[in-house]
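Asker: Hey, dropping input14.cif in here, mmCIF, C-alpha atoms:
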data_protein
#
loop_
_atom_site.label_atom_id
_atom_site.label_comp_id
_atom_site.auth_asym_id
_atom_site.auth_seq_id
_atom_site.Cartn_x
_atom_site.Cartn_y
_atom_site.Cartn_z
CA MET A 703 35.18 -30.61 26.90
CA GLY A 704 34.80 -29.82 23.17
CA PRO A 705 33.92 -26.43 21.66
CA ALA A 706 30.39 -25.17 22.12
CA PRO A 707 27.99 -25.50 19.16
CA GLY A 708 28.78 -22.77 16.63
CA ALA A 709 32.47 -22.48 17.51
CA TRP A 710 34.40 -22.22 14.24
CA SER A 711 37.96 -22.76 13.10
CA PRO A 712 39.02 -21.94 9.54
CA PRO A 713 39.84 -24.94 7.36
CA ALA A 714 43.24 -25.02 5.70
CA GLY A 715 43.45 -22.56 2.81
CA ALA A 716 40.15 -20.87 3.70
CA SER A 717 39.47 -17.43 2.24
CA PRO A 718 38.89 -14.46 4.55
CA PHE A 719 35.19 -14.78 3.77
CA ALA A 720 34.87 -18.44 4.73
CA PHE A 721 33.65 -17.48 8.20
CA TYR A 722 30.94 -15.26 6.70
CA ASP A 723 29.39 -17.84 4.36
CA PRO A 724 26.19 -18.61 6.25
CA PRO A 725 25.71 -22.09 7.75
CA PRO A 726 22.31 -23.80 7.62
CA VAL A 727 19.91 -22.04 9.94
CA PRO A 728 17.99 -24.42 12.23
CA PRO A 729 14.24 -24.29 11.51
CA GLY A 730 12.36 -22.03 13.85
CA SER A 731 15.43 -20.02 14.87
CA ALA A 732 14.60 -16.64 16.36
CA HIS A 733 16.20 -13.42 15.24
CA GLY A 734 19.35 -12.84 17.25
CA THR A 735 20.23 -16.55 17.31
CA LEU A 736 24.01 -16.98 17.42
CA LEU A 737 25.04 -19.17 14.48
CA ARG A 738 28.85 -19.09 14.48
CA TYR A 739 31.69 -17.47 16.41
CA GLN A 740 35.45 -17.44 16.69
CA VAL A 741 38.09 -15.68 18.74
CA VAL A 742 40.00 -13.03 16.78
CA GLY A 743 43.28 -11.42 17.59
CA PRO A 744 45.47 -9.74 18.19
CA VAL A 745 43.96 -6.66 16.51
CA PRO A 746 46.04 -3.44 16.34
CA GLY A 747 44.49 -0.78 18.50
CA ALA A 748 42.26 -3.17 20.41
CA HIS A 749 42.53 -3.48 24.17
CA ALA A 750 45.10 -6.15 25.09
CA GLY A 751 43.00 -7.38 28.02
CA ALA A 752 39.83 -7.85 26.01
CA THR A 753 38.81 -10.88 24.00
CA LEU A 754 37.48 -10.15 20.52
CA TRP A 755 34.94 -12.52 19.01
CA ARG A 756 33.74 -12.50 15.41
CA VAL A 757 30.08 -13.58 15.18
CA LEU A 758 27.36 -14.64 12.74
CA TYR A 759 23.75 -14.33 13.82
CA LEU A 760 20.23 -14.30 12.44
CA THR A 761 18.53 -10.97 11.84
CA GLN A 762 16.03 -9.52 9.36
CA THR A 763 15.74 -6.92 6.63
CA ALA A 764 13.44 -3.92 6.68
CA THR A 765 10.97 -5.91 4.58
CA GLY A 766 10.91 -8.79 7.09
CA THR A 767 13.13 -11.31 5.31
CA SER A 768 15.43 -13.32 7.60
CA VAL A 769 19.12 -12.86 6.77
CA VAL A 770 22.45 -13.65 8.39
CA GLY A 771 24.44 -10.74 9.78
CA SER A 772 27.96 -10.52 11.13
CA GLY A 773 29.88 -8.41 13.61
CA TYR A 774 32.25 -8.57 16.53
CA VAL A 775 32.06 -8.53 20.30
CA ALA A 776 34.70 -7.22 22.72
CA VAL A 777 34.56 -8.88 26.14
CA PRO A 778 36.37 -7.35 29.13
CA GLY A 779 39.15 -9.31 30.77
CA LEU A 780 37.82 -8.71 34.28
CA ALA A 781 35.18 -10.90 35.88
CA ALA A 782 31.58 -10.12 35.02
CA PRO A 783 29.51 -8.45 37.74
CA ALA A 784 26.34 -10.04 39.06
CA GLY A 785 23.84 -9.90 36.22
CA GLY A 786 26.54 -9.74 33.56
CA TYR A 787 28.48 -7.04 31.76
CA PRO A 788 26.48 -3.95 30.73
CA VAL A 789 26.39 -3.80 26.94
CA ILE A 790 27.45 -1.00 24.60
CA ALA A 791 25.99 -1.62 21.13
CA TRP A 792 28.19 0.21 18.58
CA ALA A 793 26.77 1.19 15.17
CA HIS A 794 29.51 2.14 12.71
CA GLY A 795 29.60 4.80 10.02
CA SER A 796 29.73 4.24 6.28
CA THR A 797 32.47 1.88 5.08
CA GLY A 798 31.24 1.08 1.55
CA MET A 799 28.98 -1.61 0.10
CA ALA A 800 31.40 -4.49 -0.59
CA ARG A 801 31.61 -7.59 1.60
CA ALA A 802 35.25 -6.64 2.24
CA CYS A 803 34.10 -3.41 3.95
CA ALA A 804 32.92 -5.27 7.06
CA PRO A 805 34.56 -3.84 10.19
CA SER A 806 34.74 -7.33 11.74
CA LEU A 807 37.30 -8.32 9.10
CA PHE A 808 39.66 -5.87 10.85
CA ALA A 809 41.24 -5.17 7.45
CA THR A 810 42.92 -1.75 7.65
CA SER A 811 45.00 -2.21 4.50
CA LEU A 812 42.16 -2.10 1.99
CA PRO A 813 42.26 0.57 -0.75
CA GLY A 814 41.01 3.70 0.99
CA GLY A 815 41.38 1.68 4.21
CA LEU A 816 38.76 1.77 6.90
CA HIS A 817 41.16 3.03 9.57
CA ASP A 818 39.29 4.13 12.70
CA LEU A 819 35.96 2.77 11.47
CA VAL A 820 37.16 -0.76 12.22
CA LEU A 821 37.07 -0.40 16.02
CA ALA A 822 34.40 1.20 18.14
CA PRO A 823 35.43 4.56 19.65
CA TYR A 824 36.74 4.52 23.22
CA LEU A 825 36.96 0.71 22.95
CA ALA A 826 39.86 0.37 25.39
CA THR A 827 38.16 2.67 27.90
CA LEU A 828 34.81 0.94 27.58
CA VAL A 829 36.19 -2.54 28.26
CA ASP A 830 38.36 -1.13 31.08
CA GLN A 831 35.17 0.14 32.66
CA GLY A 832 33.62 -3.32 32.42
CA TYR A 833 31.36 -2.89 29.41
CA LEU A 834 30.89 -5.58 26.80
CA VAL A 835 30.84 -4.03 23.30
CA THR A 836 28.83 -5.43 20.39
CA ALA A 837 29.42 -4.14 16.86
CA ALA A 838 27.14 -5.16 13.98
CA ASP A 839 28.59 -5.02 10.47
CA TYR A 840 25.08 -4.67 8.90
CA PRO A 841 24.02 -7.54 6.61
CA GLY A 842 25.71 -7.39 3.22
CA LEU A 843 29.02 -6.41 4.80
CA GLY A 844 30.99 -9.60 5.44
CA THR A 845 27.98 -11.80 4.77
CA PRO A 846 26.68 -12.08 1.20
CA GLY A 847 23.61 -10.13 0.15
CA THR A 848 22.45 -6.57 -0.31
CA LEU A 849 23.65 -3.94 2.15
CA GLY A 850 20.72 -1.91 3.46
CA TYR A 851 22.55 1.42 3.14
CA TYR A 852 20.47 3.96 5.06
CA VAL A 853 17.65 1.44 5.36
CA GLY A 854 16.70 2.41 8.89
CA ALA A 855 14.76 -0.62 10.08
CA GLY A 856 17.27 -3.11 8.67
CA GLU A 857 20.17 -1.30 10.35
CA GLY A 858 18.25 -1.12 13.62
CA TYR A 859 17.37 -4.81 13.61
CA ALA A 860 21.01 -5.75 12.95
CA VAL A 861 22.22 -3.65 15.89
CA LEU A 862 19.62 -5.11 18.25
CA ASP A 863 20.11 -8.70 17.10
CA ALA A 864 23.88 -8.41 17.58
CA ILE A 865 23.12 -7.73 21.26
CA ARG A 866 20.89 -10.81 21.37
CA ALA A 867 23.69 -12.88 19.84
CA ALA A 868 26.09 -11.73 22.56
CA GLN A 869 23.52 -12.48 25.24
CA GLY A 870 23.00 -15.93 23.73
CA LEU A 871 26.44 -17.26 24.65
CA ALA A 872 26.45 -17.74 28.38
CA SER A 873 30.23 -17.61 28.77
CA TRP A 874 30.20 -13.94 27.73
CA HIS A 875 27.84 -12.99 30.58
CA ALA A 876 26.18 -10.12 28.72
CA SER A 877 23.50 -8.43 30.80
CA ASP A 878 20.15 -7.15 29.54
CA ALA A 879 21.19 -3.52 30.19
CA VAL A 880 22.15 -1.74 26.96
CA VAL A 881 23.29 1.65 25.69
CA ILE A 882 23.32 2.09 21.91
CA LEU A 883 26.04 4.32 20.41
CA GLY A 884 26.36 5.26 16.75
CA HIS A 885 28.16 7.75 14.51
CA SER A 886 27.20 9.16 11.10
CA GLN A 887 25.40 6.34 9.23
CA GLY A 888 25.67 4.52 12.55
CA GLY A 889 23.93 7.45 14.23
CA HIS A 890 21.06 6.85 11.84
CA ALA A 891 21.18 3.14 12.75
CA ALA A 892 21.30 3.91 16.48
CA LEU A 893 18.24 6.18 16.30
CA PHE A 894 16.28 3.48 14.48
CA ALA A 895 17.46 0.79 16.89
CA GLY A 896 16.33 2.98 19.77
CA GLN A 897 12.84 3.53 18.42
CA LEU A 898 12.44 -0.14 17.41
CA ALA A 899 13.77 -1.66 20.65
CA ALA A 900 10.63 -1.52 22.78
CA GLY A 901 8.64 -3.55 20.26
CA TYR A 902 11.41 -5.76 18.86
CA THR A 903 13.62 -6.77 21.78
CA LYS A 904 11.50 -6.49 24.90
CA GLU A 905 13.98 -8.64 26.82
CA GLN A 906 16.59 -5.87 26.57
CA ARG A 907 16.61 -2.84 28.84
CA VAL A 908 17.83 -0.09 26.54
CA ALA A 909 18.94 2.57 28.99
CA GLY A 910 20.09 5.11 26.43
CA VAL A 911 20.73 5.94 22.78
CA ILE A 912 23.64 8.11 21.68
CA ALA A 913 23.88 9.45 18.12
CA ALA A 914 26.98 11.40 17.10
CA ALA A 915 26.73 13.45 13.89
CA PRO A 916 23.75 11.32 12.85
CA VAL A 917 22.12 11.36 9.44
CA THR A 918 18.65 12.39 10.53
CA SER A 919 16.78 13.17 7.32
CA LEU A 920 16.53 11.04 4.21
CA ALA A 921 13.53 13.05 3.02
CA GLY A 922 15.88 15.10 0.85
CA VAL A 923 17.44 12.16 -0.98
CA ALA A 924 15.42 12.81 -4.13
CA SER A 925 16.30 16.50 -4.27
CA ALA A 926 19.96 15.65 -3.57
CA ALA A 927 19.89 13.41 -6.65
CA ARG A 928 19.36 16.44 -8.87
CA ALA A 929 21.36 16.38 -12.11
CA THR A 930 23.64 19.44 -11.98
CA SER A 931 27.23 20.39 -12.67
CA GLN A 932 28.08 20.02 -8.98
CA PRO A 933 30.10 16.96 -7.84
CA VAL A 934 27.97 13.90 -7.17
CA ASN A 935 27.00 13.10 -3.59
CA VAL A 936 28.38 9.57 -3.24
CA ASP A 937 26.23 8.81 -0.19
CA VAL A 938 23.13 9.54 -2.27
CA LEU A 939 24.42 7.33 -5.07
CA LEU A 940 25.08 4.43 -2.68
CA THR A 941 21.65 4.94 -1.12
CA LEU A 942 19.88 4.73 -4.48
CA VAL A 943 21.74 1.53 -5.38
CA SER A 944 20.91 -0.02 -2.01
CA TRP A 945 17.25 1.02 -1.99
CA SER A 946 16.70 -0.27 -5.52
CA ARG A 947 17.92 -3.69 -4.36
CA THR A 948 16.00 -3.61 -1.09
CA TYR A 949 12.59 -2.33 -2.12
CA PRO A 950 10.40 -3.36 -5.05
CA GLY A 951 9.21 -0.58 -7.34
CA LEU A 952 12.36 1.53 -7.50
CA PRO A 953 13.95 0.84 -10.92
CA LEU A 954 17.54 2.03 -10.78
CA ASP A 955 17.88 2.52 -14.53
CA GLN A 956 15.29 5.30 -14.30
CA LEU A 957 17.34 7.10 -11.66
CA LEU A 958 20.89 6.66 -12.99
CA THR A 959 22.40 7.41 -16.37
CA PRO A 960 23.67 4.55 -18.58
CA SER A 961 27.29 5.41 -17.73
CA ALA A 962 26.51 5.38 -14.00
CA MET A 963 24.73 2.04 -14.37
CA ALA A 964 27.82 0.64 -16.07
CA GLY A 965 29.96 1.69 -13.09
CA ILE A 966 27.85 0.10 -10.34
CA GLY A 967 30.01 -3.00 -10.18
CA GLN A 968 33.11 -0.89 -9.49
CA LEU A 969 31.22 1.34 -7.04
CA THR A 970 30.01 -1.58 -4.96
CA ALA A 971 33.45 -3.22 -4.82
CA MET A 972 35.25 -0.33 -3.09
CA CYS A 973 35.66 0.55 0.59
CA GLY A 974 36.39 3.64 2.66
CA THR A 975 37.64 6.81 1.00
CA ALA A 976 38.25 4.97 -2.28
CA VAL A 977 34.53 5.32 -3.00
CA THR A 978 34.59 9.10 -2.67
CA ASP A 979 37.91 9.43 -4.49
CA ALA A 980 36.54 7.56 -7.50
CA TYR A 981 33.76 10.12 -7.98
CA ILE A 982 35.37 13.29 -6.71
CA ARG A 983 35.39 14.98 -10.14
CA THR A 984 32.16 13.47 -11.46
CA PRO A 985 29.27 15.95 -11.91
CA SER A 986 25.91 14.73 -10.67
CA ALA A 987 24.45 15.19 -14.17
CA ALA A 988 26.70 12.34 -15.32
CA VAL A 989 25.17 10.09 -12.66
CA PHE A 990 21.55 11.05 -11.97
CA THR A 991 18.76 11.27 -14.53
CA PRO A 992 16.52 14.38 -14.57
CA GLN A 993 13.58 12.35 -13.23
CA ALA A 994 15.50 11.14 -10.14
CA ALA A 995 14.91 14.40 -8.29
CA THR A 996 11.14 14.08 -8.62
CA SER A 997 10.72 10.31 -8.24
CA PRO A 998 7.64 9.76 -6.01
CA ALA A 999 8.97 6.35 -4.93
CA LEU A 1000 12.29 7.88 -3.90
CA VAL A 1001 10.55 10.65 -1.95
CA ALA A 1002 8.38 8.10 -0.11
CA LEU A 1003 11.35 5.88 0.78
CA GLY A 1004 13.24 8.91 2.04
CA ARG A 1005 10.45 9.67 4.46
CA ALA A 1006 10.17 6.04 5.55
CA ASN A 1007 13.88 5.90 6.37
CA THR A 1008 13.97 9.13 8.36
CA PRO A 1009 14.14 8.48 12.13
CA GLY A 1010 11.96 10.16 14.71
CA ALA A 1011 8.54 9.15 13.37
CA VAL A 1012 7.73 7.32 16.61
CA PRO A 1013 8.82 7.95 20.21
CA THR A 1014 11.94 6.37 21.69
CA ALA A 1015 11.43 4.87 25.12
CA ALA A 1016 15.05 5.29 26.21
CA ALA A 1017 16.80 8.55 26.96
CA MET A 1018 18.70 10.02 23.98
CA LEU A 1019 21.89 12.04 23.61
CA ILE A 1020 22.71 13.67 20.27
CA VAL A 1021 26.07 15.39 19.72
CA GLN A 1022 27.02 17.34 16.62
CA GLY A 1023 29.99 19.42 15.45
CA SER A 1024 29.39 22.88 14.03
CA ALA A 1025 32.24 22.44 11.51
CA ASP A 1026 30.92 19.14 10.16
CA ASP A 1027 31.09 19.18 6.34
CA GLU A 1028 29.35 15.79 5.94
CA VAL A 1029 26.32 16.08 8.22
CA SER A 1030 25.10 19.64 8.58
CA ALA A 1031 24.71 21.06 12.07
CA SER A 1032 21.57 22.90 10.92
CA GLY A 1033 20.02 19.61 9.79
CA THR A 1034 20.72 17.92 13.13
CA THR A 1035 19.41 20.95 15.01
CA SER A 1036 16.23 20.94 12.92
CA PHE A 1037 15.73 17.25 13.66
CA VAL A 1038 16.10 17.81 17.41
CA THR A 1039 13.72 20.77 17.30
CA HIS A 1040 11.12 18.72 15.44
CA VAL A 1041 11.41 15.68 17.73
CA CYS A 1042 11.21 17.81 20.86
CA ALA A 1043 8.06 19.46 19.51
CA VAL A 1044 6.13 16.29 18.69
CA GLN A 1045 7.48 13.44 20.84
CA PRO A 1046 7.57 12.80 24.59
CA ASP A 1047 11.26 11.90 24.25
CA ARG A 1048 13.97 12.53 26.83
CA LEU A 1049 16.55 14.10 24.55
CA THR A 1050 19.74 16.03 25.26
CA TYR A 1051 21.46 17.84 22.39
CA THR A 1052 24.95 19.30 22.48
CA LEU A 1053 26.48 21.27 19.60
CA TYR A 1054 30.29 21.32 19.79
CA HIS A 1055 31.56 24.51 18.19
CA GLY A 1056 34.43 23.93 15.77
CA ALA A 1057 34.14 20.13 15.88
CA THR A 1058 34.32 18.23 12.59
CA HIS A 1059 32.39 15.14 11.51
CA ASP A 1060 34.86 12.68 13.01
CA GLY A 1061 36.24 15.13 15.58
CA VAL A 1062 32.96 15.34 17.46
CA LEU A 1063 33.63 11.88 18.90
CA THR A 1064 36.82 13.24 20.47
CA GLU A 1065 35.27 16.51 21.61
CA ALA A 1066 32.26 14.76 23.14
CA ARG A 1067 34.23 11.92 24.74
CA SER A 1068 33.83 13.04 28.36
CA GLN A 1069 30.16 13.82 27.95
CA ILE A 1070 29.43 10.50 26.22
CA LEU A 1071 31.32 8.36 28.76
CA GLY A 1072 29.74 10.20 31.67
CA TRP A 1073 26.28 9.92 30.13
CA ILE A 1074 26.74 6.16 29.64
CA ALA A 1075 27.81 5.67 33.26
CA ALA A 1076 24.82 7.64 34.51
CA ARG A 1077 22.38 5.55 32.47
CA PHE A 1078 23.83 2.26 33.73
CA ALA A 1079 23.70 3.68 37.28
CA GLY A 1080 19.94 3.94 36.86
CA GLN A 1081 19.77 7.72 36.67
CA PRO A 1082 16.90 8.98 34.50
CA GLY A 1083 18.04 10.67 31.32
CA PRO A 1084 18.08 14.45 31.43
CA THR A 1085 16.32 16.33 28.65
CA GLY A 1086 17.25 19.47 26.77
CA CYS A 1087 13.88 19.64 25.05
CA GLY A 1088 11.99 22.80 25.85
#
Please render this file's structure as structure tokens.
Answerer:
Amino acid sequence: MGPAPGAWSPPAGASPFAFYDPPPVPPGSAHGTLLRYQVVGPVPGAHAGATLWRVLYLTQTATGTSVVGSGYVAVPGLAAPAGGYPVIAWAHGSTGMARACAPSLFATSLPGGLHDLVLAPYLATLVDQGYLVTAADYPGLGTPGTLGYYVGAGEGYAVLDAIRAAQGLASWHASDAVVILGHSQGGHAALFAGQLAAGYTKEQRVAGVIAAAPVTSLAGVASAARATSQPVNVDVLLTLVSWSRTYPGLPLDQLLTPSAMAGIGQLTAMCGTAVTDAYIRTPSAAVFTPQAATSPALVALGRANTPGAVPTAAAMLIVQGSADDEVSASGTTSFVTHVCAVQPDRLTYTLYHGATHDGVLTEARSQILGWIAARFAGQPGPTGCG
């Protein structure tokens, strides 16, 4: 028997991006349609008993345009249970804006290498426990196009459609039971995926949403783009570049100085810590114009890309470290307080004292794994609201 439609082998001399160059999309294809896949491995740090697949699939942007996204899927080595493997949908943190920053490339030797961002946390444990793990890159990473950096709906669609892609290949035996897990930017993506799921992927049973150190408010992006002598916030800079390319009516040259505009090509070609290192001594006044902090369009987009505006049907778990110097504990606490006051959400919030931005994943490991098991066992999500 030959390979299934979409199976891909690299031609001789192919570049690392050959897989990611989108094939023709059959007319009428639904979002989540699996377009191309290949087995990858071995990957350092990945579970030896799991099979890793690199995938291309159809998804959409926040403005409704169909695009091709990429990612990877880790399939357990043990036989699938009746109904298929329960699915963990991983949403990764910030890696940069270049195509080369895609986690599914598994390239840990890039300048400012991606290190632990390449593989989902607890990957070996998750596949040992019989979970199939999907991991969207977000369109624009790996595949050509504009990365929707902190574009909530686009991130959420990519996460949900990666699950559909995994469910679309019968040999993987992915079930319709899903828990979404994200960290940092991926926490933002996970929260959006959770609130979009009921209306976007009704065939999936999202049992839970976990957001670790999530970015929960983009409403302050404009004020964070204030021109001062303080070092520039690189996340804000990347967000402005991405939003200007995603949404009409946000002219970047009115938000960034001429010298910052000249450096965009370099900014969008770097990955990992190289992005921060390149701007570590740059004052924000050298990057942002005075009018950036009061841009009405920027303020409106910040509100539109802040999660929590609508209820989430699934139970939620949010974990945060008190010593996080990237996502403030007070900001996460304020988000939880607001959501609990206005939404009928089932939300549990745990603040880990002394935990850092990345360290909270280690500190919360037992709680997260136990919470996942309880959701797949059909237990209703507990709530810490009220």
Asker: Report, in Å to a single decimal, how far apart CA of Tyr981 (chain A) and CA of Pro933 (chain A) are.
Answerer: 7.8 Å
Asker: Would you mind reading off the distance between CA of Ala804 (chain A) and CA of Val775 (chain A), one decimal, in Å?
Answerer: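 These atoms are spaced 13.7 Å apart.
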Asker: Would you list the contacts of Thr1050 (chain A) as JSON, numbers by chain, taking every protein, DNA or RNA residue within 10 Å and counting only C-alpha atoms, but skipping same-chain residues closer than 2 positions in sequence?
Answerer: {"A": [912, 1017, 1018, 1019, 1020, 1021, 1038, 1042, 1047, 1048, 1052, 1083, 1084, 1085, 1086, 1087]}
Asker: Once you count only C-alpha atoms, what closest atom pair and distance in Å to one decimal does each residue of region 886-912 of chain A within 8 Å of region 789-797 of chain A have, with rows by chain and rising residue number, as a Markdown table?
Answerer:
| residue | atom | partner | partner_atom | distance |
| --- | --- | --- | --- | --- |
| A:Ser886 | CA | A:Gly795 | CA | 5.1 |
| A:Gln887 | CA | A:Gly795 | CA | 4.5 |
| A:Gly888 | CA | A:Ala793 | CA | 4.4 |
| A:Gly889 | CA | A:Ala793 | CA | 6.9 |
| A:Ala891 | CA | A:Ala793 | CA | 6.4 |
| A:Ala892 | CA | A:Ala793 | CA | 6.2 |
Asker: If you apply the PyMOL selection byres ((chain A and resi 747) around 10) to this file, what residues do you get, as a list of chain:residue names?
Answerer: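 Matching residues under the PyMOL selection byres ((chain A and resi 747) around 10) are A:Pro744, A:Val745, A:Pro746, A:Ala748, A:His749, A:Ala750, A:Asp818, A:Val820, A:Leu821, A:Leu825, A:Ala826.
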Asker: Rounded to one decimal, what separation in Å do you get between CA of Thr903 (chain A) and CA of Arg866 (chain A)?
Answerer: 8.3 Å
Asker: Of the candidates A:Ala1016, A:Leu754, A:Ala929, A:Val1044, which shows the shortest atom-to-atom distance to Ile882 (chain A), using all atoms listed in the file?
Answerer: A:Ala1016
Asker: Would you translate the PyMOL selection byres ((chain A and resi 774) around 6) into the concrete set of residues it matches in this file, as a ChimeraX atom specification?
Answerer: /A:755-757,773,775,806,837
Asker: Please produce a file of the residues just selected, as a PDB file, in the frame of the given file, where the atoms kept are C-alpha atoms.
Answerer:
ATOM      1  CA  TRP A 755      34.940 -12.520  19.010  1.00  0.00           C
ATOM      2  CA  ARG A 756      33.740 -12.500  15.410  1.00  0.00           C
ATOM      3  CA  VAL A 757      30.080 -13.580  15.180  1.00  0.00           C
ATOM      4  CA  GLY A 773      29.880  -8.410  13.610  1.00  0.00           C
ATOM      5  CA  VAL A 775      32.060  -8.530  20.300  1.00  0.00           C
ATOM      6  CA  SER A 806      34.740  -7.330  11.740  1.00  0.00           C
ATOM      7  CA  ALA A 837      29.420  -4.140  16.860  1.00  0.00           C
TER       8      ALA A 837
END
Asker: Run through the PyMOL selection byres ((chain A and resi 800) around 7) on the given coordinates and return the selected residues as a ChimeraX atom specification.
Answerer: /A:798-799,801-803,843,970-973
Asker: Could the residues in this selection be saved with C-alpha atoms as a CSV table (one decimal), keeping the file's coordinate frame?
Answerer:
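Okay, this is what ended up in out-v4.csv:
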chain,number,residue,atom,x,y,z
A,798,GLY,CA,31.2,1.1,1.6
A,799,MET,CA,29.0,-1.6,0.1
A,801,ARG,CA,31.6,-7.6,1.6
A,802,ALA,CA,35.2,-6.6,2.2
A,803,CYS,CA,34.1,-3.4,4.0
A,843,LEU,CA,29.0,-6.4,4.8
A,970,THR,CA,30.0,-1.6,-5.0
A,971,ALA,CA,33.4,-3.2,-4.8
A,972,MET,CA,35.2,-0.3,-3.1
A,973,CYS,CA,35.7,0.6,0.6
Asker: Find the residues near Thr991 (chain A): any atom within 12 Å, counting all atoms listed in the file, skip ones fewer than 3 places away on the same chain, and give them as a list of chain:residue names.
Answerer: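 Skipping anything fewer than 3 positions along the chain leaves A:Ala924, A:Ser925, A:Ala926, A:Ala927, A:Arg928, A:Ala929, A:Thr930, A:Leu939, A:Leu954, A:Asp955, A:Gln956, A:Leu957, A:Leu958, A:Thr959, A:Pro960, A:Ser961, A:Ala962, A:Met963, A:Pro985, A:Ser986, A:Ala987, A:Ala988, A:Ala994, A:Ala995, A:Thr996, A:Ser997.
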Asker: Go through A:Ala781, A:Gly870, A:Thr827, A:Gly901 one by one, measure the shortest atom-to-atom distance of each to Leu760 (chain A) using only C-alpha atoms, and give the residue with the smallest value.
Answerer: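 Using only C-alpha atoms, Leu760 (chain A) sits closest to A:Gly870.
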Asker: Return the single residue from A:Val777, A:Leu1063, A:Leu883, A:Ala895 that is closest to Ala913 (chain A), with distances computed using all atoms listed in the file.
Answerer: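 Checking each candidate against Ala913 (chain A), we get A:Leu883 as the closest.
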Asker: Using only C-alpha atoms, can you tell me which of A:Pro805, A:Pro823, A:Gly832, A:Pro1013 comes closest to Thr845 (chain A)?
Answerer: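 Ranked by minimum distance to Thr845 (chain A), first place goes to A:Pro805.
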Asker: Need the shell around Thr1008 (chain A): protein/DNA/RNA residues with any atom at most 7 Å away, counting only C-alpha atoms. Skip same-chain ones fewer than 4 positions apart. Format as a list in words?
Answerer: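 Here the answer would be Thr918, Ser919, Leu920, Ala921 and Gly1004 of chain A.
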Asker: Near Leu758 (chain A), counting all atoms listed in the file, which residues have an atom at most 10 Å away, once you skip same-chain residues fewer than 6 positions from it, shown as an MDAnalysis selection string?
Answerer: chainID A and resid 708 721:725 734:740 770:774 838:839 841 844:845 864 867
Asker: Filtering to C-alpha atoms, could you give me those residues as a PDB file, in the frame of the given file?
Answerer:
ATOM      1  CA  GLY A 708      28.780 -22.770  16.630  1.00  0.00           C
ATOM      2  CA  PHE A 721      33.650 -17.480   8.200  1.00  0.00           C
ATOM      3  CA  TYR A 722      30.940 -15.260   6.700  1.00  0.00           C
ATOM      4  CA  ASP A 723      29.390 -17.840   4.360  1.00  0.00           C
ATOM      5  CA  PRO A 724      26.190 -18.610   6.250  1.00  0.00           C
ATOM      6  CA  PRO A 725      25.710 -22.090   7.750  1.00  0.00           C
ATOM      7  CA  GLY A 734      19.350 -12.840  17.250  1.00  0.00           C
ATOM      8  CA  THR A 735      20.230 -16.550  17.310  1.00  0.00           C
ATOM      9  CA  LEU A 736      24.010 -16.980  17.420  1.00  0.00           C
ATOM     10  CA  LEU A 737      25.040 -19.170  14.480  1.00  0.00           C
ATOM     11  CA  ARG A 738      28.850 -19.090  14.480  1.00  0.00           C
ATOM     12  CA  TYR A 739      31.690 -17.470  16.410  1.00  0.00           C
ATOM     13  CA  GLN A 740      35.450 -17.440  16.690  1.00  0.00           C
ATOM     14  CA  VAL A 770      22.450 -13.650   8.390  1.00  0.00           C
ATOM     15  CA  GLY A 771      24.440 -10.740   9.780  1.00  0.00           C
ATOM     16  CA  SER A 772      27.960 -10.520  11.130  1.00  0.00           C
ATOM     17  CA  GLY A 773      29.880  -8.410  13.610  1.00  0.00           C
ATOM     18  CA  TYR A 774      32.250  -8.570  16.530  1.00  0.00           C
ATOM     19  CA  ALA A 838      27.140  -5.160  13.980  1.00  0.00           C
ATOM     20  CA  ASP A 839      28.590  -5.020  10.470  1.00  0.00           C
ATOM     21  CA  PRO A 841      24.020  -7.540   6.610  1.00  0.00           C
ATOM     22  CA  GLY A 844      30.990  -9.600   5.440  1.00  0.00           C
ATOM     23  CA  THR A 845      27.980 -11.800   4.770  1.00  0.00           C
ATOM     24  CA  ALA A 864      23.880  -8.410  17.580  1.00  0.00           C
ATOM     25  CA  ALA A 867      23.690 -12.880  19.840  1.00  0.00           C
TER      26      ALA A 867
END
Asker: Can you tell me, as a ChimeraX atom specification, what residues are no more than 10 Å from Pro953 (chain A) when counting only C-alpha atoms, ignoring any on the same chain fewer than 4 positions away?
Answerer: /A:942-943,945-947,949,957-958,999
Asker: Can you patch up region 708-713 of chain A, filling it in to N, CA and C atoms, and show the result as a JSON list (two decimals), in the coordinates of the input?
Answerer:
[["chain", "number", "residue", "atom", "x", "y", "z"],
["A", 708, "GLY", "N", 28.58, -24.05, 17.29],
["A", 708, "GLY", "CA", 28.78, -22.77, 16.63],
["A", 708, "GLY", "C", 30.22, -22.29, 16.64],
["A", 709, "ALA", "N", 31.06, -22.87, 17.52],
["A", 709, "ALA", "CA", 32.47, -22.48, 17.51],
["A", 709, "ALA", "C", 33.08, -22.89, 16.18],
["A", 710, "TRP", "N", 33.94, -22.02, 15.62],
["A", 710, "TRP", "CA", 34.40, -22.22, 14.24],
["A", 710, "TRP", "C", 35.89, -22.01, 14.16],
["A", 711, "SER", "N", 36.54, -22.91, 13.42],
["A", 711, "SER", "CA", 37.96, -22.76, 13.10],
["A", 711, "SER", "C", 38.11, -22.83, 11.60],
["A", 712, "PRO", "N", 38.92, -21.96, 11.01],
["A", 712, "PRO", "CA", 39.02, -21.94, 9.54],
["A", 712, "PRO", "C", 39.71, -23.19, 9.03],
["A", 713, "PRO", "N", 39.15, -23.81, 7.99],
["A", 713, "PRO", "CA", 39.84, -24.94, 7.36],
["A", 713, "PRO", "C", 41.10, -24.47, 6.64]]
